[in-house]
2 protein chains.
Amino acid sequence: MAEKDRLHGTLDALVLKTLSWGPRHGYAIARWIEETTGSDIEVEEGSLYPSLYRMERKGWIEAEWGMSELNRRVKLYKLTTEGRKHLRQETSEWARFSSAVSRILLVN
Amino acid sequence: MAEKDRLHGTLDALVLKTLSWGPRHGYAIARWIEETTGSDIEVEEGSLYPSLYRMERKGWIEAEWGMSELNRRVKLYKLTTEGRKHLRQETSEWARFSSAVSRILLVN
DNA sequence: CCCAAATACCTTGACAGTCTATGCCTTCGC
DNA sequence: GCGAAGGCATAGACTGTCAAGGTATTTGGG
């Protein structure tokens, strides 16, 4: 429980950012985030899929069924214009927030 | 709701760090964090007091009734050894986490 | 040919921390 | 005497994460 829940509220932004490089399916999004962060961030599927539905409902991403390179049925998500806009906002909020926290936590 | 809940899981560490400068009462902790971050972080009392009780229960802080400079009855909190240890851990976890998120979010 | 592992999606339930809102009491300035 | 500010406290709704389960398909090794 020590490490837990730290993701709270941040996952959506991470997923959006991942999709900003191009369409990806859920499983791949999770793996990509984990690899990119050297497993500093682990994306649980029980968090990921709800996040995807949430954002699809809000119109930030769109889904389409397709096939992966490994010949498996996958649901490909891609960023909408709305989503891109929201990502920009989330990013700047994160910058402000994280710098504020670091200002307190990491000084002295 | 856009800005909301971003604090999630971070408040405890911020409070502990605030107390690492010396004992303070709840209200003062909140004001100090807000001032220090230029209101980038707002500490709601409905979040603060539960956080204080939580940490008192866990033995990270200790409370004692006293008087403020403004001559008001206040509950002064101070960091315990255990709390100081926990703060170190929280701090390093924050550093890892925030750098991981920034690595994804703030690049390119 | 079978079986395990990896890929991929999905759902349920518990949990925990934040927020909004409210209440109460005291001190100080006017 | 009254309002604003200082100060503590709690209830309830909300929401997102996580653990743990489930299904199905494909691939590769023995």
# chains A, B, ... in the order shown; residues from 1 in each chain; ligands from 1
$ residues_around --residues "Arg72 of chain A" --least-positions-apart "4" --cutoff "10 Å" --atoms "only C-alpha atoms (C1' of nucleotides)" --output "CSV table (one decimal) with N, CA and C atoms (P, O5', C5', C4', C3', O3' and C1' of nucleotides), in the first residue's frame"
chain,number,residue,atom,x,y,z
A,66,GLY,N,-9.2,-4.0,-34.8
A,66,GLY,CA,-8.3,-4.2,-35.9
A,66,GLY,C,-7.4,-5.5,-35.5
A,67,MET,N,-6.3,-5.6,-36.2
A,67,MET,CA,-5.4,-6.7,-35.9
A,67,MET,C,-4.0,-6.3,-35.5
A,68,SER,N,-3.4,-7.0,-34.6
A,68,SER,CA,-2.1,-6.6,-34.2
A,68,SER,C,-1.1,-7.3,-35.1
C,7,DT,P,3.9,-11.0,-24.6
C,7,DT,O5',2.4,-10.9,-25.3
C,7,DT,C5',2.3,-11.4,-26.6
C,7,DT,C4',0.8,-11.4,-27.0
C,7,DT,C3',0.1,-10.0,-26.9
C,7,DT,O3',-0.5,-9.7,-28.1
C,7,DT,C1',-1.2,-11.8,-25.9
C,8,DA,P,-0.8,-8.2,-28.5
C,8,DA,O5',-2.2,-8.0,-27.7
C,8,DA,C5',-3.4,-8.3,-28.3
C,8,DA,C4',-4.5,-8.4,-27.3
C,8,DA,C3',-4.8,-7.2,-26.4
C,8,DA,O3',-5.7,-6.3,-27.1
C,8,DA,C1',-5.4,-9.3,-25.5
D,25,DT,P,-11.7,-18.3,-29.5
D,25,DT,O5',-10.2,-17.8,-29.9
D,25,DT,C5',-10.0,-16.4,-30.2
D,25,DT,C4',-8.6,-16.1,-30.4
D,25,DT,C3',-7.8,-17.1,-31.2
D,25,DT,O3',-7.1,-16.4,-32.2
D,25,DT,C1',-6.7,-16.8,-29.2
D,26,DT,P,-6.6,-17.2,-33.6
D,26,DT,O5',-5.0,-17.1,-33.3
D,26,DT,C5',-4.4,-15.9,-33.0
D,26,DT,C4',-3.0,-16.2,-32.4
D,26,DT,C3',-2.1,-17.2,-33.2
D,26,DT,O3',-1.0,-16.5,-33.7
D,26,DT,C1',-2.1,-17.7,-30.9
$ residues_around --residues "Leu16 of chain A" --least-positions-apart "6" --cutoff "8 Å" --atoms "only C-alpha atoms (C1' of nucleotides)" --output "PyMOL selection string"
chain A and resi 61+79+83-84+87
$ write_last_selection --atoms "C-alpha atoms" --output "CSV table (one decimal), in the first residue's frame"
chain,number,residue,atom,x,y,z
A,61,ILE,CA,-10.2,9.0,-27.8
A,79,LEU,CA,-6.6,10.5,-30.1
A,83,GLY,CA,-8.3,14.6,-26.7
A,84,ARG,CA,-5.3,16.4,-28.0
A,87,LEU,CA,-3.8,16.5,-23.2
$ interface_residues --of "chain A" --to "chain B" --cutoff "7 Å" --atoms "only C-alpha atoms" --output "list in words"
Asp5, Arg6, His8, Gly9, Leu14, Lys17, Thr37, Asp40, Thr91, Arg96, Phe97, Ser98, Ala100, Ile104 and Leu105 of chain A
$ atom_distance --atom1 "atom CA of Pro23 of chain B" --atom2 "atom CA of Glu64 of chain B"
9.8 Å
$ interface_residues --of "chain C" --to "chain A" --cutoff "12 Å" --atoms "only C-alpha atoms (C1' of nucleotides)" --output "ChimeraX atom specification"
/C:6-13,15-18
$ closest_atom_pairs --of "chain D" --to "chain A" --cutoff "7 Å" --atoms "only C-alpha atoms (C1' of nucleotides)" --output "CSV"
residue,atom,partner,partner_atom,distance
D:DG16,C1',A:His8,CA,6.2
D:DT17,C1',A:Asp5,CA,5.6
D:DC18,C1',A:Gly46,CA,6.9
$ atom_distance --atom1 "atom CA of Asp12 of chain A" --atom2 "atom C1' of DA20 of chain D"
22.6 Å
$ select_by_dssp --residues "chain B" --states "strand (DSSP E or B)" --output "list in words"
Arg24, His25, Ile61, Glu62, Ala63, Glu64, Trp65, Gly66, Met67, Arg73, Val74, Lys75, Leu76, Tyr77, Lys78 and Leu79 of chain B
$ write_last_selection --atoms "C-alpha atoms" --output "PDB file, in the first residue's frame"
ATOM      1  CA  ARG B  24       2.976  23.594  13.450  1.00  0.00           C
ATOM      2  CA  HIS B  25      -0.764  23.427  13.845  1.00  0.00           C
ATOM      3  CA  ILE B  61       3.305  12.633  13.955  1.00  0.00           C
ATOM      4  CA  GLU B  62       2.319  13.567  17.489  1.00  0.00           C
ATOM      5  CA  ALA B  63      -0.156  16.153  18.670  1.00  0.00           C
ATOM      6  CA  GLU B  64      -0.194  18.449  21.630  1.00  0.00           C
ATOM      7  CA  TRP B  65      -2.545  21.254  22.526  1.00  0.00           C
ATOM      8  CA  GLY B  66      -1.092  24.692  22.799  1.00  0.00           C
ATOM      9  CA  MET B  67      -1.595  28.328  21.993  1.00  0.00           C
ATOM     10  CA  ARG B  73      -6.190  27.236  21.074  1.00  0.00           C
ATOM     11  CA  VAL B  74      -4.266  25.090  18.598  1.00  0.00           C
ATOM     12  CA  LYS B  75      -3.235  21.507  18.197  1.00  0.00           C
ATOM     13  CA  LEU B  76       0.449  21.422  17.530  1.00  0.00           C
ATOM     14  CA  TYR B  77       1.786  18.569  15.470  1.00  0.00           C
ATOM     15  CA  LYS B  78       5.362  17.433  15.414  1.00  0.00           C
ATOM     16  CA  LEU B  79       7.241  14.845  13.448  1.00  0.00           C
TER      17      LEU B  79
END
$ closest_residue --among "C:DA14, C:DT27, C:DA5, C:DT20" --to "DG12 of chain D" --atoms "only C-alpha atoms (C1' of nucleotides)"
C:DT20
$ select_by_dssp --residues "chain A" --states "alpha helix (DSSP H)" --output "JSON, numbers by chain"
{"A": [11, 12, 13, 14, 15, 16, 17, 18, 19, 26, 27, 28, 29, 30, 31, 32, 33, 34, 35, 36, 45, 46, 47, 48, 49, 50, 51, 52, 53, 54, 55, 56, 57, 81, 82, 83, 84, 85, 86, 87, 88, 89, 90, 91, 92, 93, 94, 95, 96, 97, 98, 99, 100, 101, 102, 103, 104, 105]}
